[in-house]
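Student: Shown below is the structure under consideration.
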Amino acid sequence: VSLSLDPCSLLRLAVMAAAATTENDFNGSLDNQTKSDSEPAPVEIALAEEQKLLSKNAQKKQLKQQRYEAKKAEKKAQEKEQKRKEGERKLKEWEETLANATEEERLKLIESRKSLRKERMDKRSEEKEKKKERLTRAKEVGQNVVIDVDFAHLMSESEISSLVQQIMYCYAANGRSTSPCHLWLTGVQGEMSTQLDKLPGFEKWFIEKESQCYIEAMSDRKDNLVYLTADSETVLDDLDPENIYIIGGLVDRNRFKGITMTKAQEQGIKTAKLPIGEYMKMSSSQVLTVNQVLEILVKFLETRDWNTSFFTVIPQRKRSGVEPVDCSKSEPLSEEHQEKKGDADESAEKHDLLERKKVCIEVTPESGS
């Protein structure tokens, strides 16, 4: 059937068709928008997938760690505020003392204060010089200890930041030690290198920095490489000056179990674990932070005593509160070490908190590289 329509009718039909098309397009875009709103964002999907990968135990530990870090940050803020108020109080007292003093007394007070400040500065300069001498000597004859940071590609940005902070603790503890080790960082690349370079004075640290893995950087001493991992069956009895001990630089929130052991086995190098179980019971696993392992090694270099090293460094919250499991393998302690052990048991928790507040990285006048 053929229909003959006048131009006006044809125009009306065209307008109606265009309106219908517009409505369909609008409804379609509305449906798509509703669908996209209901779908989770890529970040949420990634977080959900990460949660699925974690066991229930790991999720509980992660949550506990997050609560601990939040509480720690809150406490740090409170301490900072308290320190600020204390500074203001002391300044006010000083101004009042000057205001109530005669001109002669005021001059004497100011001179005395300048003298005390000069003494402190001279003492600090002397300590810096001694530290520089110790670290320079450690590069020549010190125990070689490597922090393997070749795991950055497995960590989030916040986990890399956490590891960088632990490396700061390591450097500070090593610098304070009377028997510092020769410290290395290997596998420093990408985001890890970027964050390390942001640290004030990092380029002047007395530390060896290698972009290569330790296998390439120390290929001529492969037989002396010993990876420290809690999964090893070999218990470390002593530190051999000829060996190079490797600490895994990984903050993984328990995602990659056994990764350092697997890496060492694939590379064909020796492994060992600290003899923690022979001296104390841990409340959870024997996995420690990078700086805790380094501090234990440094303390052992000072005392040659594992018991003192463990009880000085490992915080009370990580111990079960039970006395050493088996001390039959340990040598009798001298009176000096027995006294140190008693002091360590009483102040272990206090030490854990205070030592980490003392992490001020002292910039030395010469480069350590």
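Residues are referred to by chain and number: the chain letter is A, B, ... according to the order shown in the structure tokens, the number counts from 1 in that chain, and ligands are numbered separately from 1 in the order shown.
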Taking only C-alpha atoms into account, produce a table as CSV in which each residue of segment 264-296 of chain A with an atom at most 7 Å from an atom of segment 224-238 of chain A appears once, together with its shortest atom pair and the distance in Å to one decimal, ordered by chain and rising number.
Tutor:
residue,atom,partner,partner_atom,distance
A:Ala264,CA,A:Tyr227,CA,6.5
A:Ile269,CA,A:Leu225,CA,6.1
A:Lys270,CA,A:Val226,CA,4.8
A:Thr271,CA,A:Tyr227,CA,4.6
A:Ala272,CA,A:Thr234,CA,4.7
A:Lys273,CA,A:Val235,CA,5.1
A:Leu274,CA,A:Leu236,CA,5.4
A:Pro275,CA,A:Val235,CA,5.7
A:Gln286,CA,A:Ala230,CA,6.5
A:Val287,CA,A:Ala230,CA,6.4
Student: Take the residues just selected and output them with N, CA, C and O atoms as a CSV table (one decimal), in the first residue's frame.
Tutor:
chain,number,residue,atom,x,y,z
A,264,ALA,N,66.6,-18.1,48.4
A,264,ALA,CA,68.0,-18.6,48.7
A,264,ALA,C,68.3,-20.0,48.1
A,264,ALA,O,69.3,-20.2,47.6
A,269,ILE,N,72.4,-20.6,47.8
A,269,ILE,CA,73.3,-20.1,48.8
A,269,ILE,C,72.8,-20.7,50.2
A,269,ILE,O,71.7,-21.2,50.3
A,270,LYS,N,73.6,-20.5,51.2
A,270,LYS,CA,73.3,-21.1,52.5
A,270,LYS,C,72.2,-20.3,53.2
A,270,LYS,O,72.0,-19.1,52.9
A,271,THR,N,71.6,-20.9,54.2
A,271,THR,CA,70.5,-20.2,55.0
A,271,THR,C,70.8,-20.5,56.4
A,271,THR,O,71.4,-21.5,56.8
A,272,ALA,N,70.2,-19.7,57.3
A,272,ALA,CA,70.3,-20.0,58.8
A,272,ALA,C,69.2,-19.1,59.4
A,272,ALA,O,68.7,-18.2,58.9
A,273,LYS,N,68.9,-19.5,60.7
A,273,LYS,CA,67.9,-18.7,61.4
A,273,LYS,C,68.5,-18.4,62.8
A,273,LYS,O,69.4,-19.1,63.3
A,274,LEU,N,68.1,-17.3,63.4
A,274,LEU,CA,68.6,-16.9,64.7
A,274,LEU,C,68.1,-17.9,65.7
A,274,LEU,O,67.0,-18.5,65.6
A,275,PRO,N,68.9,-18.2,66.8
A,275,PRO,CA,68.5,-19.2,67.8
A,275,PRO,C,67.6,-18.7,68.8
A,275,PRO,O,67.7,-18.9,70.0
A,286,GLN,N,58.3,-16.4,64.8
A,286,GLN,CA,59.6,-15.8,65.1
A,286,GLN,C,60.0,-14.8,64.0
A,286,GLN,O,61.2,-14.5,63.9
A,287,VAL,N,59.1,-14.3,63.2
A,287,VAL,CA,59.4,-13.3,62.2
A,287,VAL,C,59.5,-12.0,62.8
A,287,VAL,O,58.6,-11.5,63.5
Student: Which of segment 158-349 of chain A counts as strand (DSSP E) under DSSP, as a PyMOL selection string please?
Tutor: chain A and resi 182-186+208-210+225-228+244-248+270-272
Student: Hey, what's within 12 Å of segment 110-116 of chain A if we count only C-alpha atoms and toss same-chain stuff fewer than 4 positions away? As JSON, numbers by chain, please?
Tutor: {"A": [94, 95, 97, 98, 101, 103, 104, 105, 106, 120, 121, 122, 123]}
Student: Step one, run DSSP on the backbone; step two, keep only residues of segment 50-206 of chain A assigned to helix (DSSP H, G or I); then write them as a VMD selection string.
Tutor: chain A and resid 50 to 53 56 to 100 103 to 141 152 to 154 157 to 176 190 to 197 202 to 204
Student: What lies within 6 Å of segment 142-159 of chain A using only C-alpha atoms, ignoring chain neighbours under 6 positions off, as JSON, numbers by chain?
Tutor: {"A": [181, 182, 183, 184, 185, 186, 187, 241, 244, 245, 246, 247, 248, 249, 251]}
Student: So, counting only C-alpha atoms, which residue among A:Ala77, A:Val290, A:Ile259, A:Leu239 is closest to Trp306 of chain A?
Tutor: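 Of all the options, A:Leu239 lies closest to Trp306 of chain A.
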Student: Considering only C-alpha atoms, can you say which of A:Lys139, A:Lys299, A:Lys118, A:Lys128 comes closest to Glu208 of chain A?
Tutor: A:Lys139
Student: Neighbouring residues of Leu135 of chain A were defined as those with any atom within 8 Å, considering only C-alpha atoms; residues of the same chain fewer than 2 positions away were excluded. Please report them as a PyMOL selection string.
Tutor: chain A and resi 131-133+137-139+175+180-182+206
